[in-house]
Amino acid sequence: MTNASEVLSSIQSAFPGAVLDSRVESDRRLWATIDSKKILDVCKHLTNKLNFDHYSGSAGVDWIARNEMEVVEIMASHGAHKVVAMLKVKTPRENPSVKSLANLYWNANWYEREIWEMFGINFEGHPGLYPLLLSDQLIGSWPWRKDFKGYPDLTTGERAVAITTPEGYTEYRFPPTPAEVEAGAVVAERPKYPTFREREEREIKSDSEMIMHLGPQHAMVPGPFLLDVLVEGERVKKGFLDVGYIHKGIEKIMENRTWLQGIVYTDRMCYVASLSNNECYCGAVEKILGLEVPERAQYIRVILEELSRIQSHLIGTGEFLTLVAGVGYAPWQYMIIDRERIISLIESVTGARLTHTFVRFGGVRNDLPDDFAEKCKSTLPYIKSRINEFIELFAQDAIYQKRMENVGVLSAEDAKRVGIAGPALRASGVAYDMRVEDPILVYPDLDFKVIVGTKGDCADRVDCRLREILESIYIIEQCLDRIPAGPIKPEAKIPKKVPAGEAYYRVEDPRGEMGMYVISDGGDKPYRVKVRGPFYATLQTLPPLLEGVYIADVVAIAGSMDGCPSEADR
Amino acid sequence: MDIIDSISQFATQEPALFALIIGIIGAAVISGVVNVGAMLVIWGERKVLSDFCNRFGPNRVGGRWGILQLGADAIKLFTKEDIIPGDADKGVYVWAPIVASMATMLVAAAIPFGALHIGGKDYPLVVANMDISAFYVEAALSLMAIAVFMAGYSSNNKYSILGAFRGIARMIAYEVPMGVCVIAVAVMAHSLNLVEIVQSQTLWYAFAQPLGFVIFVIALITDLGRIPFDQSEAEEEIISGYNTEYSGIRWGLLYFQEYNNALLGSILLSLLFLGGWQGPIIPIPILDIISPLIWLFMKVVIVLWCLIWVRASLFRLRIDQVTDLGWKWMLPLSLLNLGWAAVVGSYFA
Amino acid sequence: MGISDVIPVPVAIDDEIEKWTIFGQPVAEVWFTTTEKIHQIIEMGPIKNIFNWGRKNSVYFLMQPMGCCGVEMFVFGAAPYDSDRFGCIPRNTPRQTDVMIMSGYITRKYLPVFKNLWEEMPEPKWCIAIGECAISGGPFYDSYNIIQNTADYFPIDVFIPGCPPRPEQFLEGLINLQEKIKQRKDKRDY
Ligand code: SF4
């Protein structure tokens with residue numbers, strides 16, 4: 001099996017001089033700084049020769065003290081080996097520009113657009129650097145640069161000026177503050193995302209076509225994002241996405257909070273999976289600190305993460321059911337009722353229903369209550385029987401099968417190529433689970449299957465999610481049997497300041513691969529936190545899936561992806 | 001007896017005026033009955049559906065059963081702002097709910113609401129006892145599709161126009177099999193008059209022609225626009241479809257007519273296939289007079305309950321699957337059923 | 001304050017009618033002079049109470065999950081907490097709703113959308129702000145993209161603090177709103 005040092009030597013021998021600096025952190029992590037001229041070739045080499053077929057995202061970092069910017073490409077493989085290569089490309093801070101990977105990897109498109117709008121790093125050869133998350137107004141002020149003057153901004157709302165458009169809609173303009181003007185917020189030539197009218201003019205070819213908004217407020221969207229579909233009659237011809245309606249700038253905010261305060265923000269990224277998010281952030285920080293987590297704390301974390309996976313899958317499937325069956329459909333209510341039981345289990349430990357802030361660096365906040373194991377043992381078999389019932393119900397429902405089968409099919413090749421994550425990927429038959437690929441905590445000791453589907457259609461995705469709940473229950477049962485007594489926090493006091501260093505840590509979020517790239521410069525605040533969210537990756541794949549389906553299938557496909565736009569927008 | 005004498009005297013002296021007065025009274029009574037019935041249907045649906053979903057449903061307004069919930073809804077809708085979208089086709093927009101109400105009233109005029117059993121004879125309660133009432137009722141029931149189209153077209157909204165198209169496509173696909181089923185019943189009963197159809201059912205037609213019964217039920221659900229055939233509304237896809245832009249009392253009227261139709265549709269189903277008001281006479285004074293009414297009422301309640309049951313347990317079909325089912329399966333099968341009815345009907349006649 | 005504010009009469013017709021005359025008298029005098037009077041009767045008499053009773057007991061809310069609190073809103077409308085008990089059900093189109101539940105962060109990009117949704121709702125309408133974000137920006141108060149002072153844009157009737165508030169708090173907020181409608185304590189009058 002390939003390991004990190006082999007990968008490094010392979011790159012070095014193929015491209016002498018391309019690797020400027022490198023660090024082999026472990027068998028699974030490779031950090032390398034690549035010559036910006038060679039990055040495309042290195043990536044091609046990695047993909048073609050070394051099976052790095054998973055482009056997992058990229059992060060921008062603004063090193064203001066060194067007067068340079070960095071783009072970190074995160075490359076991994078769908079199961080061929082377990083190395084994650086973090087390839088850094090440096091560029092000067094004046095007119096920063098690097099080569100685009102968007103032509104090599106389909107899903108690099110969004111990551112690069114995000115880096116461009118946040119840092120102002122130009123990507124040569126990118127098909128279209130439109131704003132992604134920010135509104136047009138903020139483009140040009142490069143908010144995630146370290147010298148951005150618009151943060152903190154306590155007057156955003158007060159400065160808004162209402163304008164009534166000719167069509168009678170209200171719009172708001174935000175005149176820039178003097179500080180923003182000084183920082184160059186007003187850039188005359190800013191590429192704008194095409195407005196609705198422009199898009200209509202460009203896309204509509206005949207009288208029988210129209211563009212329909214599904215969102216930002218629509219029954220389909222689990223949080224505000226805009227899906228425009230070009231329809232001809234009932235057929236969808238094309239889909240367009242517009243996200244960023246709830247972009248809060250979490251990554252920027254986290255840079256300005258202490259390390260501990262950061263946990264609070266990870267909760268609010270994907271609120272139905274907040275424990276996984278906690279884990280991801282804390283795990284990365286622990287890696288930099290070199291902390292060992294006591295075994296009992298590891299078990300507690302695993303139990304709670306799996307419980308949170310169960311409740312997330314339940315509400316995701318419940319929402320999906322309302323979309324294809326209407327709110328009158330009874331089983332979705334049963335799912336929500338069952339979810340309440342899980343929630344009350346989690347609540348008995350963490351004290352909160354959604355936003356737990358429970359995981360701490362090197363441990364957890366508090367121990368399990370005494371009767372927790374009993375409660376689990378009475379609740380979980382019930383949930384298990386209910387889930388089995390649901391699986392059977394959907395398998396026997398003729399209308400359901402007719403609606404869902406062969407709808408929104410994503411083949412294994414396509415699923416790998418577009419970088420989709422989680423149950424949506426596994427439904428296509430790719431067994432890619434972070435709990436196996438990048439094992440953390442006590443997962444290597446536990447016995448569980450990675451659930452995979454066969455066809456990758458909507459029915460498969462929902463089925464995978466439901467069967468994963470059964471696996472999670474199995475994991476929890478094992479943990480409850482094995483959990484040792486002992487401390488739940490490290491003995492040594494956690495320092496306020498984290499030593500300089502960087503780490504990339506991946507966990508299996510209910511929605512799939514979640515990674516956090518945390519950089520410390522030795523201060524009491526993170527220097528940079530980059531979140532690689534699973535729904536961000538999934539959302540990107542939505543438009544191509546919609547081509548040629550019926551409108552009714554659009555909601556089914558979008559629903560079967562189990563969305564969480566808050567995490568995509570951050 | 002003075003009053004009856006003077007009334008009959010008046011009737012013979014001024015027949016036209018008398019007919020007019022009777023007509024007005026009848027219309028008032030019928031619309032009252034239908035509308036109150038529909039309110040009860042909405043309330044019943046909210047309660048029964050809540051029960052299916054393992055929750056309580058309205059239980060604060062008007063006591064433990066939330067009886068007055070609909071009153072509150074109606075008052076609120078009456079006092080809401082009346083919005084007509086700027087780009088709407090105003091005339092059509094305003095008329096759509098009215099056409100919908102007219103459609104249900106047209107049905108109500110010809111449908112028997114039961115019968116009174118006096119002196120060993122059934123006296124049907126029907127305003128206009130027409131010769132072709134079965135056909136007429138079935139046709140008038142589908143007038144709602146016109147109202148749906150008017151509402152959807154005039155709103156000038158993309159969701160609405162899609163809802164309108166879906167409504168019409170569905171109506172066309174299912175009106176024919178439904179009509180053929182009514183013909184099959186008429187063939188067996190040797191009449192198109194609903195009263196006579198009921199009286200001819202010694203064996204319920206649901207048993208005499210089971211295939212026709214199934215097809216009629218499916219076509220009826222389609223006509224009523226309920227899950228799994230509520231594509232013209234499809235809350236989750238096209239956001240209430242044809243009534244997306246409607247607000248206040250106009251929306252209330254459209255919404256109300258759906259339930260009016262559900263009530264009338266289930267009465268029609270009971271009359272055509274479930275023996276109508278026929279049933280053993282309860283041998284208790286007074287109760288024996290209204291016992292046919294009781295039987296019909298029970299059948300209608302059961303049919304409505306089944307409609308809600310279907311809503312709580314089935315998925316919504318896609319529009320192409322709906323039309324597929326209609327043209328490829330329902331129509332040929334309904335013709336087959338017609339053949340069956342002709343053969344069996346002539347044998348028994 | 002004319003009758004059109006109380007009972008739906010298309011505004012255009014209302015204006016027209018003022019100009020009509022009958023027997024040399026303005027129709028409005030003969031026929032509709034009572035608009036003001038009717039309104040006064042409604043204001044003082046028991047009819048007002050009946051109207052408010054109806055409005056209070058039938059608040060439909062706009063299904064618009066925006067953030068973490070949106071998930072709780074979803075649960076609030078579903079079986080475990082069952083807002084339908086109070087006559088409060090979710091609708092998807094703003095035209096048919098009475099109360100806007102602001103369930104999360106309002107960003108620069110989302111504010112215009114949200115305002116349009118609010119304007120599409122027919123009067124009388126109410127607004128509930130749920131969670132710290134909707135009240136003041138919450139944990140994201142100093143972000144470049146978050147609107148902190150939502151109360152400047154929307155006439156908020158009930159604030160429900162919490163991050164996120166529990167669904168029970170949602171219910172309490174709803175009951176408070178109902179009380180407010182009943183007492184006519186909200187600032188708008190119809
Ligand atoms: S108040 Fe808290 S829970 Fe609610 S949306 Fe804001 S951050 Fe999320």
# chains A, B, ... in the order shown; residues from 1 in each chain; ligands from 1

call {"tool": "residues_near_ligand", "arguments": {"ligand": "ligand 1", "cutoff": "10 Å", "atoms": "only C-alpha atoms and all ligand atoms", "output": "count of residues only"}}
result
44

call {"tool": "closest_atom_pairs", "arguments": {"of": "chain C", "to": "chain A", "cutoff": "6 Å", "atoms": "only C-alpha atoms", "output": "tab-separated table"}}
result
residue	atom	partner	partner_atom	distance
C:Pro65	CA	A:Gly223	CA	5.3
C:Met66	CA	A:Gly223	CA	4.9
C:Cys68	CA	A:Tyr271	CA	5.4
C:Ala79	CA	A:Gln333	CA	5.7
C:Pro80	CA	A:Ile337	CA	5.7
C:Thr107	CA	A:Ile246	CA	5.9
C:Lys109	CA	A:Tyr245	CA	5.4
C:Tyr110	CA	A:Tyr245	CA	5.1
C:Pro112	CA	A:Glu171	CA	5.0
C:Asp142	CA	A:Pro152	CA	4.9
C:Ser143	CA	A:Asp153	CA	5.9
C:Tyr144	CA	A:Asp153	CA	5.4
C:Asn145	CA	A:Lys248	CA	5.9
C:Ile147	CA	A:Gly157	CA	4.5
C:Gln148	CA	A:Gly157	CA	5.7
C:Asn149	CA	A:Gly157	CA	5.7

call {"tool": "interface_residues", "arguments": {"of": "chain C", "to": "chain B", "cutoff": "7 Å", "atoms": "only C-alpha atoms", "output": "PyMOL selection string"}}
result
chain C and resi 6-8+51+53-55+57-58+79+82+84-87+92-93+95-96+122-124

call {"tool": "write_last_selection", "arguments": {"atoms": "N, CA and C atoms", "output": "tab-separated table (two decimals), in the first residue's frame"}}
result
chain	number	residue	atom	x	y	z
C	6	VAL	N	-60.83	46.99	6.61
C	6	VAL	CA	-61.44	45.99	7.47
C	6	VAL	C	-61.97	44.83	6.67
C	7	ILE	N	-62.76	45.19	5.67
C	7	ILE	CA	-63.36	44.15	4.84
C	7	ILE	C	-62.77	44.30	3.45
C	8	PRO	N	-62.38	43.26	2.83
C	8	PRO	CA	-61.69	43.40	1.55
C	8	PRO	C	-62.56	44.02	0.48
C	51	PHE	N	-63.40	39.37	15.41
C	51	PHE	CA	-62.32	39.37	14.42
C	51	PHE	C	-61.02	38.92	15.07
C	53	TRP	N	-60.57	37.27	17.72
C	53	TRP	CA	-60.63	35.86	18.12
C	53	TRP	C	-60.26	34.97	16.93
C	54	GLY	N	-60.82	35.31	15.76
C	54	GLY	CA	-60.52	34.51	14.57
C	54	GLY	C	-59.06	34.59	14.20
C	55	ARG	N	-58.53	35.81	14.22
C	55	ARG	CA	-57.12	35.98	13.83
C	55	ARG	C	-56.20	35.29	14.81
C	57	ASN	N	-56.74	32.70	16.57
C	57	ASN	CA	-56.77	31.25	16.59
C	57	ASN	C	-56.40	30.61	15.27
C	58	SER	N	-55.99	31.42	14.34
C	58	SER	CA	-55.63	30.82	13.07
C	58	SER	C	-54.42	31.56	12.51
C	79	ALA	N	-45.13	16.55	14.60
C	79	ALA	CA	-45.89	15.86	15.63
C	79	ALA	C	-45.42	16.10	17.07
C	82	ASP	N	-46.39	19.84	17.75
C	82	ASP	CA	-47.71	20.01	17.16
C	82	ASP	C	-48.32	21.39	17.32
C	84	ASP	N	-50.27	22.68	15.44
C	84	ASP	CA	-51.63	22.65	14.93
C	84	ASP	C	-52.65	22.70	16.06
C	85	ARG	N	-52.26	22.30	17.26
C	85	ARG	CA	-53.17	22.36	18.39
C	85	ARG	C	-53.69	23.77	18.59
C	86	PHE	N	-52.83	24.76	18.29
C	86	PHE	CA	-53.21	26.15	18.50
C	86	PHE	C	-53.73	26.77	17.21
C	87	GLY	N	-54.00	25.95	16.22
C	87	GLY	CA	-54.47	26.48	14.95
C	87	GLY	C	-53.36	27.09	14.14
C	92	ASN	N	-46.54	27.22	2.63
C	92	ASN	CA	-45.32	27.48	1.88
C	92	ASN	C	-45.34	28.76	1.08
C	93	THR	N	-46.54	29.27	0.80
C	93	THR	CA	-46.56	30.51	0.04
C	93	THR	C	-46.89	31.68	0.95
C	95	ARG	N	-48.38	34.28	0.49
C	95	ARG	CA	-49.71	34.87	0.32
C	95	ARG	C	-50.72	34.32	1.31
C	96	GLN	N	-50.47	33.16	1.81
C	96	GLN	CA	-51.49	32.54	2.66
C	96	GLN	C	-51.04	32.44	4.11
C	122	PRO	N	-50.18	39.12	3.09
C	122	PRO	CA	-51.28	40.08	3.24
C	122	PRO	C	-51.43	40.53	4.68
C	123	GLU	N	-51.89	41.78	4.83
C	123	GLU	CA	-52.17	42.31	6.16
C	123	GLU	C	-53.42	41.63	6.71
C	124	PRO	N	-53.65	41.57	7.97
C	124	PRO	CA	-52.73	41.84	9.07
C	124	PRO	C	-51.71	40.72	9.22

call {"tool": "interface_residues", "arguments": {"of": "chain B", "to": "chain A", "cutoff": "7 Å", "atoms": "only C-alpha atoms", "output": "number ranges by chain"}}
result
B: 49, 52-53, 158, 235-237, 311-318

call {"tool": "atom_distance", "arguments": {"atom1": "CA of Tyr81 in chain C", "atom2": "CA of Pro167 in chain C"}}
result
6.9 Å

call {"tool": "select_by_dssp", "arguments": {"residues": "range 74-165 of chain C", "states": "alpha helix (DSSP H)", "output": "ChimeraX atom specification"}}
result
/C:74-77,111-120,131-136

call {"tool": "write_last_selection", "arguments": {"atoms": "C-alpha atoms", "output": "short mmCIF file (atom, residue, chain, number, x, y, z; two decimals), in the first residue's frame"}}
result
data_model
loop_
_atom_site.label_atom_id
_atom_site.label_comp_id
_atom_site.auth_asym_id
_atom_site.auth_seq_id
_atom_site.Cartn_x
_atom_site.Cartn_y
_atom_site.Cartn_z
CA PHE C 74 -39.58 22.19 11.61
CA VAL C 75 -40.01 20.13 14.78
CA PHE C 76 -42.34 22.73 16.22
CA GLY C 77 -44.69 22.25 13.30
CA LEU C 111 -32.26 40.65 3.45
CA PRO C 112 -33.90 41.79 0.19
CA VAL C 113 -35.38 38.34 -0.35
CA PHE C 114 -36.72 38.31 3.13
CA LYS C 115 -38.17 41.78 2.79
CA ASN C 116 -39.95 40.77 -0.39
CA LEU C 117 -41.41 37.74 1.30
CA TRP C 118 -42.63 39.96 4.09
CA GLU C 119 -44.19 42.37 1.64
CA GLU C 120 -45.94 39.56 -0.18
CA GLY C 131 -33.08 33.07 18.32
CA GLU C 132 -30.24 35.46 19.01
CA CYS C 133 -29.36 35.76 15.35
CA ALA C 134 -32.72 37.10 14.33
CA ILE C 135 -32.76 39.45 17.28
CA SER C 136 -29.31 40.94 17.18
#

call {"tool": "atom_distance", "arguments": {"atom1": "CA of Trp144 in chain A", "atom2": "CA of Phe119 in chain A"}}
result
5.7 Å

call {"tool": "residues_around", "arguments": {"residues": "range 280-290 of chain B", "least_positions_apart": "6", "cutoff": "7 Å", "atoms": "only C-alpha atoms", "output": "list in words"}}
result
Leu116, His117 and Ile118 of chain B

call {"tool": "write_last_selection", "arguments": {"atoms": "all heavy atoms", "output": "mmCIF file, in the first residue's frame"}}
result
data_model
loop_
_atom_site.group_PDB
_atom_site.id
_atom_site.type_symbol
_atom_site.label_atom_id
_atom_site.label_comp_id
_atom_site.auth_asym_id
_atom_site.auth_seq_id
_atom_site.Cartn_x
_atom_site.Cartn_y
_atom_site.Cartn_z
ATOM 1 N N LEU B 116 -86.313 10.087 2.700
ATOM 2 C CA LEU B 116 -87.095 9.903 3.910
ATOM 3 C C LEU B 116 -87.986 8.690 3.708
ATOM 4 O O LEU B 116 -88.567 8.495 2.644
ATOM 5 C CB LEU B 116 -87.934 11.142 4.190
ATOM 6 C CG LEU B 116 -87.132 12.392 4.553
ATOM 7 C CD1 LEU B 116 -88.061 13.555 4.793
ATOM 8 C CD2 LEU B 116 -86.252 12.148 5.752
ATOM 9 N N HIS B 117 -88.075 7.870 4.712
ATOM 10 C CA HIS B 117 -88.845 6.641 4.610
ATOM 11 C C HIS B 117 -90.179 6.869 5.306
ATOM 12 O O HIS B 117 -90.264 6.847 6.533
ATOM 13 C CB HIS B 117 -88.071 5.502 5.258
ATOM 14 C CG HIS B 117 -88.740 4.183 5.125
ATOM 15 N ND1 HIS B 117 -88.649 3.427 3.982
ATOM 16 C CD2 HIS B 117 -89.512 3.487 5.985
ATOM 17 C CE1 HIS B 117 -89.342 2.312 4.153
ATOM 18 N NE2 HIS B 117 -89.889 2.329 5.361
ATOM 19 N N ILE B 118 -91.208 7.152 4.514
ATOM 20 C CA ILE B 118 -92.516 7.451 5.108
ATOM 21 C C ILE B 118 -93.527 6.480 4.539
ATOM 22 O O ILE B 118 -93.663 6.335 3.312
ATOM 23 C CB ILE B 118 -92.950 8.892 4.800
ATOM 24 C CG1 ILE B 118 -91.879 9.867 5.320
ATOM 25 C CG2 ILE B 118 -94.291 9.186 5.461
ATOM 26 C CD1 ILE B 118 -92.055 11.265 4.833
#

call {"tool": "closest_residue", "arguments": {"among": "B:Gln209, B:Asn261, B:Gln321, B:Gln13", "to": "Cys181 in chain B", "atoms": "only C-alpha atoms"}}
result
B:Gln209

call {"tool": "residues_around", "arguments": {"residues": "Ala186 in chain B", "least_positions_apart": "6", "cutoff": "10 Å", "atoms": "only C-alpha atoms", "output": "PDB file with N, CA and C atoms, in the first residue's frame"}}
result
ATOM      1  N   ILE B 132     -81.077  12.536 -16.380  1.00  0.00           N
ATOM      2  CA  ILE B 132     -79.684  12.144 -16.626  1.00  0.00           C
ATOM      3  C   ILE B 132     -78.794  12.601 -15.483  1.00  0.00           C
ATOM      4  N   ALA B 134     -77.089  11.308 -13.175  1.00  0.00           N
ATOM      5  CA  ALA B 134     -75.778  10.682 -12.941  1.00  0.00           C
ATOM      6  C   ALA B 134     -74.717  11.317 -13.822  1.00  0.00           C
ATOM      7  N   PHE B 135     -75.044  11.471 -15.062  1.00  0.00           N
ATOM      8  CA  PHE B 135     -74.103  12.062 -16.009  1.00  0.00           C
ATOM      9  C   PHE B 135     -73.854  13.524 -15.717  1.00  0.00           C
ATOM     10  N   VAL B 180     -67.172   6.541 -18.529  1.00  0.00           N
ATOM     11  CA  VAL B 180     -67.487   5.186 -18.991  1.00  0.00           C
ATOM     12  C   VAL B 180     -67.984   4.336 -17.827  1.00  0.00           C
ATOM     13  N   LEU B 192     -80.353   6.596 -16.130  1.00  0.00           N
ATOM     14  CA  LEU B 192     -79.277   7.531 -15.790  1.00  0.00           C
ATOM     15  C   LEU B 192     -79.678   8.407 -14.621  1.00  0.00           C
ATOM     16  N   ASN B 193     -80.849   8.103 -14.064  1.00  0.00           N
ATOM     17  CA  ASN B 193     -81.321   8.911 -12.956  1.00  0.00           C
ATOM     18  C   ASN B 193     -80.750   8.346 -11.662  1.00  0.00           C
ATOM     19  N   LEU B 194     -80.133   9.199 -10.875  1.00  0.00           N
ATOM     20  CA  LEU B 194     -79.453   8.710  -9.678  1.00  0.00           C
ATOM     21  C   LEU B 194     -80.416   8.026  -8.715  1.00  0.00           C
ATOM     22  N   GLU B 196     -83.143   6.411  -9.445  1.00  0.00           N
ATOM     23  CA  GLU B 196     -83.467   5.079  -9.947  1.00  0.00           C
ATOM     24  C   GLU B 196     -82.264   4.148  -9.840  1.00  0.00           C
ATOM     25  N   ILE B 197     -81.071   4.681 -10.036  1.00  0.00           N
ATOM     26  CA  ILE B 197     -79.868   3.845  -9.897  1.00  0.00           C
ATOM     27  C   ILE B 197     -79.797   3.289  -8.483  1.00  0.00           C
ATOM     28  N   LEU B 272     -73.708   5.641  -6.433  1.00  0.00           N
ATOM     29  CA  LEU B 272     -73.531   4.824  -7.632  1.00  0.00           C
ATOM     30  C   LEU B 272     -73.140   3.394  -7.289  1.00  0.00           C
ATOM     31  N   LEU B 338     -67.285  -1.898 -19.107  1.00  0.00           N
ATOM     32  CA  LEU B 338     -68.547  -1.584 -19.780  1.00  0.00           C
ATOM     33  C   LEU B 338     -69.090  -2.829 -20.463  1.00  0.00           C
ATOM     34  N   ALA B 341     -70.505  -5.062 -17.896  1.00  0.00           N
ATOM     35  CA  ALA B 341     -71.792  -4.554 -17.418  1.00  0.00           C
ATOM     36  C   ALA B 341     -72.891  -4.854 -18.432  1.00  0.00           C
ATOM     37  N   ALA B 342     -72.562  -4.695 -19.713  1.00  0.00           N
ATOM     38  CA  ALA B 342     -73.580  -4.929 -20.745  1.00  0.00           C
ATOM     39  C   ALA B 342     -74.014  -6.391 -20.729  1.00  0.00           C
ATOM     40  N   GLY B 345     -75.589  -7.179 -17.232  1.00  0.00           N
ATOM     41  CA  GLY B 345     -76.818  -6.405 -17.086  1.00  0.00           C
ATOM     42  C   GLY B 345     -77.949  -6.966 -17.919  1.00  0.00           C
TER      43      GLY B 345
END

call {"tool": "select_by_dssp", "arguments": {"residues": "range 353-538 of chain A", "states": "strand (DSSP E)", "output": "PDB file with C-alpha atoms, in the first residue's frame"}}
result
ATOM      1  CA  VAL A 359     -16.315  18.067  22.717  1.00  0.00           C
ATOM      2  CA  ARG A 360     -13.274  19.710  24.277  1.00  0.00           C
ATOM      3  CA  GLY A 363     -11.648  15.152  26.047  1.00  0.00           C
ATOM      4  CA  VAL A 364     -15.280  15.951  26.563  1.00  0.00           C
ATOM      5  CA  GLY A 501       1.742  24.259  13.354  1.00  0.00           C
ATOM      6  CA  GLU A 502      -0.935  23.002  11.065  1.00  0.00           C
ATOM      7  CA  ALA A 503      -3.176  19.985  10.836  1.00  0.00           C
ATOM      8  CA  TYR A 504      -5.808  18.533   8.581  1.00  0.00           C
ATOM      9  CA  TYR A 505      -8.345  16.338  10.273  1.00  0.00           C
ATOM     10  CA  ARG A 506     -11.217  14.451   8.705  1.00  0.00           C
ATOM     11  CA  VAL A 507     -14.322  12.968  10.249  1.00  0.00           C
ATOM     12  CA  GLU A 508     -17.378  11.269   8.828  1.00  0.00           C
ATOM     13  CA  ASP A 509     -20.138  13.803   9.175  1.00  0.00           C
ATOM     14  CA  GLY A 512     -20.052  12.755   4.443  1.00  0.00           C
ATOM     15  CA  GLU A 513     -16.446  13.748   4.507  1.00  0.00           C
ATOM     16  CA  MET A 514     -15.824  16.767   6.652  1.00  0.00           C
ATOM     17  CA  GLY A 515     -12.321  18.083   6.942  1.00  0.00           C
ATOM     18  CA  MET A 516     -10.858  20.990   8.842  1.00  0.00           C
ATOM     19  CA  TYR A 517      -7.553  22.574   8.077  1.00  0.00           C
ATOM     20  CA  VAL A 518      -6.355  24.465  11.106  1.00  0.00           C
ATOM     21  CA  ILE A 519      -3.261  26.644  11.215  1.00  0.00           C
ATOM     22  CA  SER A 520      -1.795  28.053  14.382  1.00  0.00           C
ATOM     23  CA  PRO A 526      -6.329  30.219  15.230  1.00  0.00           C
ATOM     24  CA  TYR A 527      -4.464  31.768  12.337  1.00  0.00           C
ATOM     25  CA  ARG A 528      -6.762  30.162   9.812  1.00  0.00           C
ATOM     26  CA  VAL A 529      -9.523  27.584   9.920  1.00  0.00           C
ATOM     27  CA  LYS A 530     -10.666  26.114   6.640  1.00  0.00           C
ATOM     28  CA  VAL A 531     -13.739  23.944   6.603  1.00  0.00           C
ATOM     29  CA  ARG A 532     -14.212  21.408   3.870  1.00  0.00           C
TER      30      ARG A 532
END

call {"tool": "closest_residue", "arguments": {"among": "A:Arg417, A:Ile121, A:Arg199, A:Gln396", "to": "Thr47 in chain A", "atoms": "only C-alpha atoms"}}
result
A:Arg417

call {"tool": "residues_around", "arguments": {"residues": "Ala208 in chain B", "least_positions_apart": "5", "cutoff": "12 Å", "atoms": "only C-alpha atoms", "output": "PyMOL selection string"}}
result
chain B and resi 184-185+187-189+201-203+213-214+272-275+337-338+340-345+348
